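Everything below belongs to start_11.cif, which stores mmCIF, C-alpha atoms and all ligand atoms.
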```
data_coords
loop_
_atom_site.group_PDB
_atom_site.id
_atom_site.type_symbol
_atom_site.label_atom_id
_atom_site.label_comp_id
_atom_site.auth_asym_id
_atom_site.auth_seq_id
_atom_site.Cartn_x
_atom_site.Cartn_y
_atom_site.Cartn_z
ATOM 1 C CA MET A 28 10.550 -17.911 9.458
ATOM 2 C CA GLU A 29 13.290 -15.506 10.549
ATOM 3 C CA PRO A 30 13.497 -14.984 14.319
ATOM 4 C CA GLU A 31 12.792 -11.265 13.848
ATOM 5 C CA THR A 32 9.615 -12.087 11.951
ATOM 6 C CA LYS A 33 8.439 -14.574 14.551
ATOM 7 C CA GLU A 34 9.094 -12.017 17.280
ATOM 8 C CA ALA A 35 7.121 -9.379 15.377
ATOM 9 C CA LEU A 36 4.137 -11.712 14.944
ATOM 10 C CA ASP A 37 4.320 -12.911 18.562
ATOM 11 C CA ASN A 38 3.727 -9.307 19.624
ATOM 12 C CA PHE A 39 0.311 -9.404 17.981
ATOM 13 C CA VAL A 40 -0.493 -12.675 19.760
ATOM 14 C CA ASP A 41 0.588 -11.184 23.102
ATOM 15 C CA MET A 42 -1.627 -8.175 22.441
ATOM 16 C CA SER A 43 -4.654 -10.434 21.810
ATOM 17 C CA LEU A 44 -5.003 -9.210 18.248
ATOM 18 C CA ILE A 45 -4.354 -12.560 16.562
ATOM 19 C CA THR A 46 -4.426 -16.148 17.832
ATOM 20 C CA GLU A 47 -2.294 -17.824 15.160
ATOM 21 C CA VAL A 48 -0.393 -17.272 11.966
ATOM 22 C CA LEU A 49 -2.026 -19.363 9.238
ATOM 23 C CA TYR A 50 0.149 -19.112 6.100
ATOM 24 C CA PRO A 51 2.321 -16.717 4.143
ATOM 25 C CA VAL A 52 0.287 -15.017 1.414
ATOM 26 C CA LYS A 53 3.264 -13.683 -0.456
ATOM 27 C CA SER A 54 6.923 -13.089 0.181
ATOM 28 C CA GLY A 55 8.545 -10.269 -1.736
ATOM 29 C CA LYS A 56 11.893 -8.484 -1.759
ATOM 30 C CA GLU A 57 11.129 -6.315 1.229
ATOM 31 C CA ALA A 58 8.273 -7.885 3.130
ATOM 32 C CA THR A 59 6.202 -11.016 3.662
ATOM 33 C CA VAL A 60 2.440 -10.853 4.155
ATOM 34 C CA TYR A 61 0.881 -13.503 6.424
ATOM 35 C CA ALA A 62 -2.741 -14.515 6.820
ATOM 36 C CA CYS A 63 -3.552 -14.688 10.533
ATOM 37 C CA ARG A 64 -6.523 -15.869 12.540
ATOM 38 C CA ALA A 65 -7.925 -12.815 14.291
ATOM 39 C CA HIS A 66 -8.556 -12.766 18.031
ATOM 40 C CA PRO A 67 -12.361 -12.842 18.566
ATOM 41 C CA ASP A 68 -12.173 -9.489 20.404
ATOM 42 C CA THR A 69 -11.147 -7.770 17.168
ATOM 43 C CA GLY A 70 -14.460 -8.637 15.562
ATOM 44 C CA ALA A 71 -12.644 -9.911 12.485
ATOM 45 C CA GLU A 72 -12.144 -13.511 11.416
ATOM 46 C CA PHE A 73 -8.793 -12.990 9.696
ATOM 47 C CA LEU A 74 -6.146 -10.288 9.681
ATOM 48 C CA ALA A 75 -3.161 -9.670 7.417
ATOM 49 C CA ALA A 76 0.305 -9.047 8.868
ATOM 50 C CA LYS A 77 2.878 -7.404 6.619
ATOM 51 C CA VAL A 78 6.306 -7.999 8.120
ATOM 52 C CA TYR A 79 9.249 -6.155 6.651
ATOM 53 C CA LYS A 80 12.371 -8.257 6.356
ATOM 54 C CA HIS A 81 15.365 -7.641 8.517
ATOM 55 C CA ILE A 82 17.835 -5.221 7.051
ATOM 56 C CA ARG A 83 20.367 -7.924 6.134
ATOM 57 C CA ASP A 84 17.780 -9.934 4.170
ATOM 58 C CA ARG A 85 16.605 -7.149 1.951
ATOM 59 C CA ASN A 86 17.462 -5.477 -1.328
ATOM 60 C CA PHE A 87 16.857 -1.786 -1.435
ATOM 61 C CA LYS A 88 15.518 -0.340 -4.590
ATOM 62 C CA ASN A 89 16.744 3.070 -5.532
ATOM 63 C CA ASP A 90 14.156 5.228 -3.884
ATOM 64 C CA ALA A 91 15.901 8.607 -3.785
ATOM 65 C CA VAL A 92 13.074 10.028 -5.831
ATOM 66 C CA TYR A 93 10.564 8.977 -3.204
ATOM 67 C CA GLN A 94 12.601 10.269 -0.330
ATOM 68 C CA GLU A 95 12.997 13.727 -1.768
ATOM 69 C CA GLY A 96 11.307 16.207 0.473
ATOM 70 C CA ARG A 97 11.051 13.733 3.272
ATOM 71 C CA LEU A 98 14.442 13.672 4.990
ATOM 72 C CA TYR A 99 14.964 17.270 5.836
ATOM 73 C CA GLY A 100 18.088 19.286 6.437
ATOM 74 C CA ASN A 101 21.555 18.013 7.127
ATOM 75 C CA SER A 102 20.609 15.819 10.047
ATOM 76 C CA ARG A 103 22.672 12.899 11.254
ATOM 77 C CA GLU A 104 19.937 10.672 9.835
ATOM 78 C CA ARG A 105 20.153 12.248 6.419
ATOM 79 C CA ARG A 106 23.924 11.983 6.248
ATOM 80 C CA ALA A 107 23.859 8.387 7.428
ATOM 81 C CA TYR A 108 21.188 7.548 4.874
ATOM 82 C CA GLU A 109 23.147 9.160 2.071
ATOM 83 C CA THR A 110 26.436 7.548 2.952
ATOM 84 C CA GLY A 111 24.823 4.119 3.127
ATOM 85 C CA THR A 112 26.201 3.168 6.518
ATOM 86 C CA GLU A 113 24.454 0.428 8.436
ATOM 87 C CA PHE A 114 22.976 3.075 10.692
ATOM 88 C CA GLY A 115 21.724 4.816 7.563
ATOM 89 C CA LEU A 116 20.110 1.669 6.224
ATOM 90 C CA ASP A 117 18.540 1.044 9.591
ATOM 91 C CA VAL A 118 17.102 4.549 9.656
ATOM 92 C CA HIS A 119 15.870 4.052 6.134
ATOM 93 C CA PHE A 120 14.226 0.785 7.054
ATOM 94 C CA MET A 121 12.420 2.234 10.068
ATOM 95 C CA LEU A 122 11.234 5.116 7.895
ATOM 96 C CA TRP A 123 9.865 2.691 5.327
ATOM 97 C CA VAL A 124 7.713 0.681 7.785
ATOM 98 C CA GLY A 125 6.672 3.801 9.658
ATOM 99 C CA GLN A 126 5.725 5.524 6.439
ATOM 100 C CA GLU A 127 3.537 2.675 5.243
ATOM 101 C CA TRP A 128 1.747 2.703 8.604
ATOM 102 C CA GLU A 129 1.268 6.492 8.625
ATOM 103 C CA HIS A 130 0.025 6.457 5.025
ATOM 104 C CA LEU A 131 -2.350 3.574 5.749
ATOM 105 C CA LYS A 132 -3.873 5.412 8.710
ATOM 106 C CA LYS A 133 -4.226 8.743 6.920
ATOM 107 C CA LEU A 134 -5.657 7.270 3.747
ATOM 108 C CA TYR A 135 -8.093 5.097 5.649
ATOM 109 C CA LYS A 136 -9.266 8.144 7.559
ATOM 110 C CA ALA A 137 -9.673 10.001 4.273
ATOM 111 C CA GLY A 138 -12.055 7.292 3.068
ATOM 112 C CA VAL A 139 -9.694 5.696 0.555
ATOM 113 C CA TYR A 140 -10.329 1.974 -0.013
ATOM 114 C CA VAL A 141 -7.205 0.726 1.779
ATOM 115 C CA PRO A 142 -7.158 -2.150 4.302
ATOM 116 C CA VAL A 143 -8.348 -1.113 7.772
ATOM 117 C CA PRO A 144 -5.214 -0.336 9.826
ATOM 118 C CA ILE A 145 -5.080 -2.309 13.086
ATOM 119 C CA LYS A 146 -1.639 -2.032 14.695
ATOM 120 C CA ASN A 147 2.025 -1.336 13.995
ATOM 121 C CA VAL A 148 4.747 -2.824 16.164
ATOM 122 C CA GLY A 149 8.331 -2.471 14.976
ATOM 123 C CA ARG A 150 8.694 -4.066 11.552
ATOM 124 C CA ALA A 151 5.158 -5.424 11.347
ATOM 125 C CA ILE A 152 1.846 -3.911 10.302
ATOM 126 C CA LEU A 153 -1.433 -5.616 11.148
ATOM 127 C CA MET A 154 -4.411 -4.757 8.958
ATOM 128 C CA GLU A 155 -7.680 -5.990 7.539
ATOM 129 C CA PHE A 156 -7.330 -9.226 5.574
ATOM 130 C CA TYR A 157 -9.023 -8.732 2.244
ATOM 131 C CA GLY A 158 -10.228 -12.222 1.507
ATOM 132 C CA THR A 159 -12.181 -15.157 2.910
ATOM 133 C CA GLU A 160 -11.522 -18.551 4.523
ATOM 134 C CA ASP A 161 -10.762 -19.706 0.973
ATOM 135 C CA GLY A 162 -7.812 -17.314 0.765
ATOM 136 C CA PRO A 163 -6.856 -13.747 -0.078
ATOM 137 C CA CYS A 164 -8.585 -11.915 -2.907
ATOM 138 C CA PRO A 165 -6.462 -11.803 -6.054
ATOM 139 C CA ILE A 166 -4.485 -8.833 -7.276
ATOM 140 C CA LEU A 167 -6.144 -7.055 -10.202
ATOM 141 C CA GLN A 168 -3.442 -8.457 -12.508
ATOM 142 C CA GLN A 169 -4.644 -12.007 -11.749
ATOM 143 C CA ALA A 170 -8.350 -11.357 -11.309
ATOM 144 C CA LYS A 171 -10.631 -12.443 -14.117
ATOM 145 C CA VAL A 172 -12.400 -9.138 -14.584
ATOM 146 C CA PRO A 173 -15.205 -9.571 -17.118
ATOM 147 C CA PRO A 174 -15.502 -6.642 -19.569
ATOM 148 C CA ASP A 175 -18.885 -5.647 -18.155
ATOM 149 C CA ARG A 176 -17.323 -5.014 -14.723
ATOM 150 C CA ALA A 177 -14.318 -3.053 -16.029
ATOM 151 C CA PRO A 178 -15.946 0.421 -16.369
ATOM 152 C CA GLU A 179 -17.290 0.326 -12.817
ATOM 153 C CA LEU A 180 -13.919 -0.730 -11.345
ATOM 154 C CA TRP A 181 -12.074 1.974 -13.311
ATOM 155 C CA LYS A 182 -14.561 4.578 -12.087
ATOM 156 C CA LEU A 183 -14.087 3.445 -8.490
ATOM 157 C CA LEU A 184 -10.308 3.466 -8.885
ATOM 158 C CA LYS A 185 -10.404 7.029 -10.246
ATOM 159 C CA ALA A 186 -12.557 8.078 -7.300
ATOM 160 C CA ASN A 187 -9.933 6.576 -4.987
ATOM 161 C CA ILE A 188 -7.068 8.330 -6.775
ATOM 162 C CA GLU A 189 -9.031 11.548 -6.338
ATOM 163 C CA MET A 190 -9.618 10.862 -2.623
ATOM 164 C CA MET A 191 -5.895 10.224 -2.182
ATOM 165 C CA LEU A 192 -4.973 13.539 -3.786
ATOM 166 C CA GLN A 193 -7.633 15.274 -1.742
ATOM 167 C CA ALA A 194 -5.648 14.001 1.258
ATOM 168 C CA ASP A 195 -2.462 15.331 -0.490
ATOM 169 C CA PHE A 196 -1.217 11.853 -1.414
ATOM 170 C CA VAL A 197 0.015 10.233 -4.585
ATOM 171 C CA HIS A 198 0.413 6.450 -4.312
ATOM 172 C CA GLY A 199 3.553 6.301 -6.437
ATOM 173 C CA ASP A 200 3.449 2.553 -7.159
ATOM 174 C CA LEU A 201 -0.123 2.049 -8.249
ATOM 175 C CA SER A 202 -0.484 -0.846 -10.690
ATOM 176 C CA PRO A 203 -2.590 -3.984 -11.192
ATOM 177 C CA TYR A 204 -0.170 -5.597 -8.700
ATOM 178 C CA ASN A 205 -1.094 -3.298 -5.835
ATOM 179 C CA ILE A 206 -4.866 -3.439 -6.157
ATOM 180 C CA LEU A 207 -6.842 -6.355 -4.704
ATOM 181 C CA VAL A 208 -10.258 -7.144 -6.132
ATOM 182 C CA ASP A 209 -13.239 -9.060 -4.847
ATOM 183 C CA LEU A 210 -15.604 -9.552 -7.759
ATOM 184 C CA GLU A 211 -18.134 -11.291 -5.499
ATOM 185 C CA ASP A 212 -18.556 -8.189 -3.356
ATOM 186 C CA THR A 213 -20.176 -5.787 -5.777
ATOM 187 C CA SER A 214 -20.696 -3.093 -3.140
ATOM 188 C CA ASP A 215 -17.050 -3.063 -1.990
ATOM 189 C CA PRO A 216 -14.921 -4.607 -4.728
ATOM 190 C CA LEU A 217 -11.376 -3.319 -4.220
ATOM 191 C CA ARG A 218 -8.494 -2.442 -1.916
ATOM 192 C CA ILE A 219 -5.436 -0.368 -2.716
ATOM 193 C CA ILE A 220 -2.319 -1.717 -0.979
ATOM 194 C CA ASP A 221 1.459 -1.253 -0.687
ATOM 195 C CA LEU A 222 1.821 2.331 0.477
ATOM 196 C CA PRO A 223 5.351 2.975 1.828
ATOM 197 C CA GLN A 224 6.456 5.027 -1.171
ATOM 198 C CA ALA A 225 3.375 7.279 -1.289
ATOM 199 C CA VAL A 226 4.347 10.954 -1.393
ATOM 200 C CA ASP A 227 2.927 14.210 -0.145
ATOM 201 C CA ALA A 228 1.975 16.206 -3.225
ATOM 202 C CA ARG A 229 2.558 19.458 -1.363
ATOM 203 C CA PHE A 230 6.253 18.790 -0.858
ATOM 204 C CA ASN A 231 7.428 16.253 -3.414
ATOM 205 C CA PRO A 232 8.418 17.807 -6.758
ATOM 206 C CA ASN A 233 7.885 14.456 -8.522
ATOM 207 C CA ALA A 234 4.302 14.064 -7.314
ATOM 208 C CA ARG A 235 2.624 15.099 -10.550
ATOM 209 C CA ASP A 236 4.799 12.783 -12.656
ATOM 210 C CA MET A 237 4.094 9.974 -10.233
ATOM 211 C CA LEU A 238 0.361 10.633 -10.485
ATOM 212 C CA GLU A 239 0.567 10.554 -14.295
ATOM 213 C CA ARG A 240 2.378 7.241 -14.099
ATOM 214 C CA ASP A 241 -0.057 5.719 -11.579
ATOM 215 C CA VAL A 242 -2.978 6.669 -13.810
ATOM 216 C CA ALA A 243 -1.289 5.604 -17.074
ATOM 217 C CA ILE A 244 -0.302 2.177 -15.724
ATOM 218 C CA THR A 245 -3.699 1.364 -14.287
ATOM 219 C CA TYR A 246 -5.589 2.806 -17.271
ATOM 220 C CA ARG A 247 -3.598 0.514 -19.601
ATOM 221 C CA TYR A 248 -5.121 -2.464 -17.780
ATOM 222 C CA PHE A 249 -8.665 -1.174 -18.173
ATOM 223 C CA GLU A 250 -8.168 0.023 -21.737
ATOM 224 C CA LYS A 251 -7.338 -3.569 -22.709
ATOM 225 C CA ARG A 252 -10.697 -4.518 -21.238
ATOM 226 C CA GLY A 253 -12.654 -2.063 -23.323
ATOM 227 C CA VAL A 254 -12.703 1.052 -21.143
ATOM 228 C CA GLN A 255 -12.386 4.299 -23.085
ATOM 229 C CA ASP A 256 -11.189 7.324 -21.191
ATOM 230 C CA ASN A 257 -8.688 10.160 -21.417
ATOM 231 C CA PRO A 258 -6.171 9.560 -18.623
ATOM 232 C CA LYS A 259 -4.089 12.668 -19.389
ATOM 233 C CA ALA A 260 -7.156 14.910 -19.192
ATOM 234 C CA PHE A 261 -8.214 13.189 -15.975
ATOM 235 C CA VAL A 262 -4.827 13.924 -14.379
ATOM 236 C CA ALA A 263 -4.710 17.502 -15.672
ATOM 237 C CA ASP A 264 -8.173 18.204 -14.323
ATOM 238 C CA LEU A 265 -7.481 16.538 -11.004
ATOM 239 C CA TRP A 266 -4.195 18.377 -10.539
ATOM 240 C CA ARG A 267 -5.713 21.747 -11.396
ATOM 241 C CA LYS A 268 -8.537 21.240 -8.937
ATOM 242 C CA TRP A 269 -6.128 20.131 -6.233
ATOM 243 C CA LYS A 270 -3.872 23.171 -6.830
ATOM 244 C CA ARG A 271 -6.869 25.458 -6.509
ATOM 245 C CA ALA A 272 -7.899 23.561 -3.398
ATOM 246 C CA GLU A 273 -11.129 22.600 -5.108
ATOM 247 C CA LEU A 274 -10.875 18.899 -4.351
HETATM 248 N N1 LIG B 301 -4.572 -6.679 3.483
HETATM 249 C C1 LIG B 301 -4.320 -7.709 2.686
HETATM 250 N N2 LIG B 301 -5.223 -8.707 2.532
HETATM 251 C C2 LIG B 301 -4.965 -9.751 1.707
HETATM 252 N N3 LIG B 301 -3.831 -9.888 0.991
HETATM 253 C C3 LIG B 301 -2.889 -8.932 1.094
HETATM 254 C C4 LIG B 301 -3.084 -7.788 1.926
HETATM 255 N N4 LIG B 301 -1.996 -6.991 1.832
HETATM 256 C C5 LIG B 301 -1.166 -7.599 0.977
HETATM 257 N N5 LIG B 301 -1.677 -8.768 0.518
HETATM 258 C C6 LIG B 301 -1.027 -9.708 -0.422
HETATM 259 O O1 LIG B 301 0.374 -9.662 -0.219
HETATM 260 C C7 LIG B 301 1.038 -9.249 -1.422
HETATM 261 C C8 LIG B 301 2.196 -8.330 -1.073
HETATM 262 O O2 LIG B 301 1.742 -7.156 -0.420
HETATM 263 P P1 LIG B 301 2.314 -5.732 -0.803
HETATM 264 O O3 LIG B 301 1.832 -4.770 0.223
HETATM 265 O O4 LIG B 301 1.997 -5.428 -2.224
HETATM 266 O O5 LIG B 301 3.881 -5.907 -0.575
HETATM 267 P P2 LIG B 301 5.131 -5.969 -1.576
HETATM 268 O O6 LIG B 301 4.640 -5.807 -2.988
HETATM 269 O O7 LIG B 301 5.990 -4.841 -1.133
HETATM 270 O O8 LIG B 301 5.744 -7.306 -1.316
HETATM 271 C C9 LIG B 301 -0.027 -8.598 -2.267
HETATM 272 O O9 LIG B 301 0.241 -8.740 -3.644
HETATM 273 C C10 LIG B 301 -1.274 -9.347 -1.869
HETATM 274 O O10 LIG B 301 -1.374 -10.556 -2.618
HETATM 275 MG MG MG B 302 3.079 -4.862 -3.894
#
```

As structure tokens, please, write out the structure in this file.
Amino acid sequence: MEPETKEALDNFVDMSLITEVLYPVKSGKEATVYACRAHPDTGAEFLAAKVYKHIRDRNFKNDAVYQEGRLYGNSRERRAYETGTEFGLDVHFMLWVGQEWEHLKKLYKAGVYVPVPIKNVGRAILMEFYGTEDGPCPILQQAKVPPDRAPELWKLLKANIEMMLQADFVHGDLSPYNILVDLEDTSDPLRIIDLPQAVDARFNPNARDMLERDVAITYRYFEKRGVQDNPKAFVADLWRKWKRAEL
């Protein structure tokens, strides 16, 4: 574990939010998610800590499209970001963690099925662990969704996409990799995760295209499992309602 990661997780121990880090759930390009034992005071048994890697250990994907409309004016931050200086990358990195945290809080408040936000310190975000003592729930891509459950999950996902837009958000990276499913829990079977790139539909000119893509990618999964729907009509209808402030 990198020293920066250990330090980030130690903060949560010091704050009596977790008592120990159990195991890494997954380590990606930009972040590692750890399963943690929750402090009894939190009322939870487990919590998930997403720790963004230190700047020197990361690869940045080209995210100019996501940043449009977010870094305003000709600020020092904007210039540094655009010129790719270390200061710029650092600013970028703090934006990325901060954005995921802000999006998580806002979407949770809006009723979207995202993990419950617990705490953000520096590069780490502590949230609800979606899983059991046996481990985390699988991503949709790896879940064995029987055809008879597919229509209900697609309907719930559409309701969540609608709730996000109602809160002026488009996820921007929605796919079977960023949806966790718990087939055992029929009353609460999914979580939408991985939110740093989400955009504000009011300000981002790419929002509608991103929404189309989110819906197309996730519909493809359900279509293969027998769901019949019209994703383009769903997006058109949703967008029109949102524009008219009818959502
Ligand atoms: N709240 C959570 N509860 C359980 N598992 C999680 C949670 N958040 C993330 N994970 C797991 O960690 C993986 C990576 O998280 P994600 O936010 O998608 O980061 P990234 O894709 O940027 O690495 C997910 O695919 C999922 O398996
Ligand atoms: Mg992901």

Can you check which parts of chain A lie within 9 Å of ligand MG 302 (chain B)? Per residue, the shortest pair of atoms and distance in Å to one decimal, counting all atoms listed in the file, sorted by chain and number, as a tab-separated table.
```
residue	atom	partner	partner_atom	distance
A:Gly55	CA	B:MG302	MG	8.0
A:Asp200	CA	B:MG302	MG	8.1
A:Leu201	CA	B:MG302	MG	8.8
A:Ser202	CA	B:MG302	MG	8.7
A:Tyr204	CA	B:MG302	MG	5.8
A:Asn205	CA	B:MG302	MG	4.9
A:Ile206	CA	B:MG302	MG	8.4
A:Ile220	CA	B:MG302	MG	6.9
A:Asp221	CA	B:MG302	MG	5.1
A:Leu222	CA	B:MG302	MG	8.5
```

Collect all residues with atoms no farther than 10 Å from ligand LIG 301 (chain B), counting only C-alpha atoms and all ligand atoms, and output them as an MDAnalysis selection string.
chainID A and resid 51:62 73:79 127 141:144 152:159 162:169 200:208 218:224

Produce a file of the selected residues containing C-alpha atoms, as a PDB file, in the frame of the given file.
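Written output follows (selection-v1.pdb):
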```pdb
ATOM      1  CA  PRO A  51       2.321 -16.717   4.143  1.00  0.00           C
ATOM      2  CA  VAL A  52       0.287 -15.017   1.414  1.00  0.00           C
ATOM      3  CA  LYS A  53       3.264 -13.683  -0.456  1.00  0.00           C
ATOM      4  CA  SER A  54       6.923 -13.089   0.181  1.00  0.00           C
ATOM      5  CA  GLY A  55       8.545 -10.269  -1.736  1.00  0.00           C
ATOM      6  CA  LYS A  56      11.893  -8.484  -1.759  1.00  0.00           C
ATOM      7  CA  GLU A  57      11.129  -6.315   1.229  1.00  0.00           C
ATOM      8  CA  ALA A  58       8.273  -7.885   3.130  1.00  0.00           C
ATOM      9  CA  THR A  59       6.202 -11.016   3.662  1.00  0.00           C
ATOM     10  CA  VAL A  60       2.440 -10.853   4.155  1.00  0.00           C
ATOM     11  CA  TYR A  61       0.881 -13.503   6.424  1.00  0.00           C
ATOM     12  CA  ALA A  62      -2.741 -14.515   6.820  1.00  0.00           C
ATOM     13  CA  PHE A  73      -8.793 -12.990   9.696  1.00  0.00           C
ATOM     14  CA  LEU A  74      -6.146 -10.288   9.681  1.00  0.00           C
ATOM     15  CA  ALA A  75      -3.161  -9.670   7.417  1.00  0.00           C
ATOM     16  CA  ALA A  76       0.305  -9.047   8.868  1.00  0.00           C
ATOM     17  CA  LYS A  77       2.878  -7.404   6.619  1.00  0.00           C
ATOM     18  CA  VAL A  78       6.306  -7.999   8.120  1.00  0.00           C
ATOM     19  CA  TYR A  79       9.249  -6.155   6.651  1.00  0.00           C
ATOM     20  CA  GLU A 127       3.537   2.675   5.243  1.00  0.00           C
ATOM     21  CA  VAL A 141      -7.205   0.726   1.779  1.00  0.00           C
ATOM     22  CA  PRO A 142      -7.158  -2.150   4.302  1.00  0.00           C
ATOM     23  CA  VAL A 143      -8.348  -1.113   7.772  1.00  0.00           C
ATOM     24  CA  PRO A 144      -5.214  -0.336   9.826  1.00  0.00           C
ATOM     25  CA  ILE A 152       1.846  -3.911  10.302  1.00  0.00           C
ATOM     26  CA  LEU A 153      -1.433  -5.616  11.148  1.00  0.00           C
ATOM     27  CA  MET A 154      -4.411  -4.757   8.958  1.00  0.00           C
ATOM     28  CA  GLU A 155      -7.680  -5.990   7.539  1.00  0.00           C
ATOM     29  CA  PHE A 156      -7.330  -9.226   5.574  1.00  0.00           C
ATOM     30  CA  TYR A 157      -9.023  -8.732   2.244  1.00  0.00           C
ATOM     31  CA  GLY A 158     -10.228 -12.222   1.507  1.00  0.00           C
ATOM     32  CA  THR A 159     -12.181 -15.157   2.910  1.00  0.00           C
ATOM     33  CA  GLY A 162      -7.812 -17.314   0.765  1.00  0.00           C
ATOM     34  CA  PRO A 163      -6.856 -13.747  -0.078  1.00  0.00           C
ATOM     35  CA  CYS A 164      -8.585 -11.915  -2.907  1.00  0.00           C
ATOM     36  CA  PRO A 165      -6.462 -11.803  -6.054  1.00  0.00           C
ATOM     37  CA  ILE A 166      -4.485  -8.833  -7.276  1.00  0.00           C
ATOM     38  CA  LEU A 167      -6.144  -7.055 -10.202  1.00  0.00           C
ATOM     39  CA  GLN A 168      -3.442  -8.457 -12.508  1.00  0.00           C
ATOM     40  CA  GLN A 169      -4.644 -12.007 -11.749  1.00  0.00           C
ATOM     41  CA  ASP A 200       3.449   2.553  -7.159  1.00  0.00           C
ATOM     42  CA  LEU A 201      -0.123   2.049  -8.249  1.00  0.00           C
ATOM     43  CA  SER A 202      -0.484  -0.846 -10.690  1.00  0.00           C
ATOM     44  CA  PRO A 203      -2.590  -3.984 -11.192  1.00  0.00           C
ATOM     45  CA  TYR A 204      -0.170  -5.597  -8.700  1.00  0.00           C
ATOM     46  CA  ASN A 205      -1.094  -3.298  -5.835  1.00  0.00           C
ATOM     47  CA  ILE A 206      -4.866  -3.439  -6.157  1.00  0.00           C
ATOM     48  CA  LEU A 207      -6.842  -6.355  -4.704  1.00  0.00           C
ATOM     49  CA  VAL A 208     -10.258  -7.144  -6.132  1.00  0.00           C
ATOM     50  CA  ARG A 218      -8.494  -2.442  -1.916  1.00  0.00           C
ATOM     51  CA  ILE A 219      -5.436  -0.368  -2.716  1.00  0.00           C
ATOM     52  CA  ILE A 220      -2.319  -1.717  -0.979  1.00  0.00           C
ATOM     53  CA  ASP A 221       1.459  -1.253  -0.687  1.00  0.00           C
ATOM     54  CA  LEU A 222       1.821   2.331   0.477  1.00  0.00           C
ATOM     55  CA  PRO A 223       5.351   2.975   1.828  1.00  0.00           C
ATOM     56  CA  GLN A 224       6.456   5.027  -1.171  1.00  0.00           C
TER      57      GLN A 224
END
```

Name the residues in contact with A:Met190 at a cut-off of 8 Å, using only C-alpha atoms, excluding same-chain residues fewer than 6 positions from it; report them as a ChimeraX atom specification.
/A:137-139

Counting only C-alpha atoms, which of A:Glu29, A:Val148, A:Val242, A:Lys132 gets nearest to A:Asp41?
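Among A:Glu29, A:Val148, A:Val242, A:Lys132, it is A:Val148 that comes nearest to A:Asp41.
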
Each stretch 182-233 of chain A residue no farther than 10 Å from stretch 252-271 of chain A, nearest pair in Å, all atoms listed in the file, as a tab-separated table:
```
residue	atom	partner	partner_atom	distance
A:Lys182	CA	A:Val254	CA	9.9
A:Lys185	CA	A:Phe261	CA	8.7
A:Ile188	CA	A:Leu265	CA	9.2
A:Glu189	CA	A:Leu265	CA	7.0
A:Leu192	CA	A:Trp269	CA	7.1
A:Gln193	CA	A:Trp269	CA	6.8
A:Ala194	CA	A:Trp269	CA	9.7
A:Asp195	CA	A:Trp269	CA	8.3
A:Ala228	CA	A:Trp269	CA	9.5
A:Arg229	CA	A:Lys270	CA	9.2
```

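Atom CA of A:Leu134 is positioned 26.2 Å from atom CA of A:His81.
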
So how far away is atom CA of A:Phe39 from atom CA of A:Pro67, in Å?
13.1 Å

Which is closest to A:Asn231 among A:Phe196, A:Tyr140, A:Trp181, A:Tyr135, if we use only C-alpha atoms?
A:Phe196

Using only C-alpha atoms, which residues sit within 7 Å of A:Ile45 once same-chain residues fewer than 4 positions away are excluded, as a ChimeraX atom specification?
/A:39-40,63-66

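Nearest residue to A:Asn233 among A:Gly199, A:Thr32, A:Ala272, A:Asp37 is A:Gly199, counting all atoms listed in the file.
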
Point-to-point distance in Å for atom CA of A:Val197 and atom CA of A:Ala225
5.6 Å

Take every atom of stretch 31-47 of chain A listed in the file, pad by 4 Å on each side, and give me the axis-aligned box centre and edge lengths in Å, one decimal, as lines of an AutoDock Vina configuration file.
```
center_x = 3.9
center_y = -13.0
center_z = 17.5
size_x = 25.8
size_y = 17.6
size_z = 19.2
```

Which residue out of A:His198, A:Gly125, A:Tyr248, A:Glu179 has the minimum interatomic distance to A:Asp215 when only C-alpha atoms are used?
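When distances to A:Asp215 are compared using only C-alpha atoms, the smallest one comes from A:Glu179.
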
On this structure, which residues satisfy the PyMOL selection byres (((chain A and resi 149) around 8) and not hetatm), written as a PDB file with C-alpha atoms, in the frame of the given file?
```
ATOM      1  CA  ALA A  35       7.121  -9.379  15.377  1.00  0.00           C
ATOM      2  CA  MET A 121      12.420   2.234  10.068  1.00  0.00           C
ATOM      3  CA  VAL A 124       7.713   0.681   7.785  1.00  0.00           C
ATOM      4  CA  ASN A 147       2.025  -1.336  13.995  1.00  0.00           C
ATOM      5  CA  VAL A 148       4.747  -2.824  16.164  1.00  0.00           C
ATOM      6  CA  ARG A 150       8.694  -4.066  11.552  1.00  0.00           C
ATOM      7  CA  ALA A 151       5.158  -5.424  11.347  1.00  0.00           C
TER       8      ALA A 151
END
```

Taking N, CA and C atoms as the atom set, what does stretch 143-148 of chain A look like once completed, written as a short mmCIF file (atom, residue, chain, number, x, y, z; two decimals), keeping the file's coordinate frame?
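To be explicit, this is the file written out as rebuild-v7.cif:
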```cif
data_model
loop_
_atom_site.label_atom_id
_atom_site.label_comp_id
_atom_site.auth_asym_id
_atom_site.auth_seq_id
_atom_site.Cartn_x
_atom_site.Cartn_y
_atom_site.Cartn_z
N VAL A 143 -8.18 -1.77 6.47
CA VAL A 143 -8.35 -1.11 7.77
C VAL A 143 -7.06 -1.29 8.57
N PRO A 144 -6.43 -0.20 9.02
CA PRO A 144 -5.21 -0.34 9.83
C PRO A 144 -5.56 -0.82 11.23
N ILE A 145 -4.80 -1.79 11.74
CA ILE A 145 -5.08 -2.31 13.09
C ILE A 145 -3.97 -1.93 14.07
N LYS A 146 -2.73 -2.28 13.73
CA LYS A 146 -1.64 -2.03 14.70
C LYS A 146 -0.28 -2.09 13.99
N ASN A 147 0.63 -1.27 14.47
CA ASN A 147 2.02 -1.34 14.00
C ASN A 147 2.93 -1.54 15.20
N VAL A 148 3.70 -2.63 15.16
CA VAL A 148 4.75 -2.82 16.16
C VAL A 148 6.04 -3.10 15.41
#
```
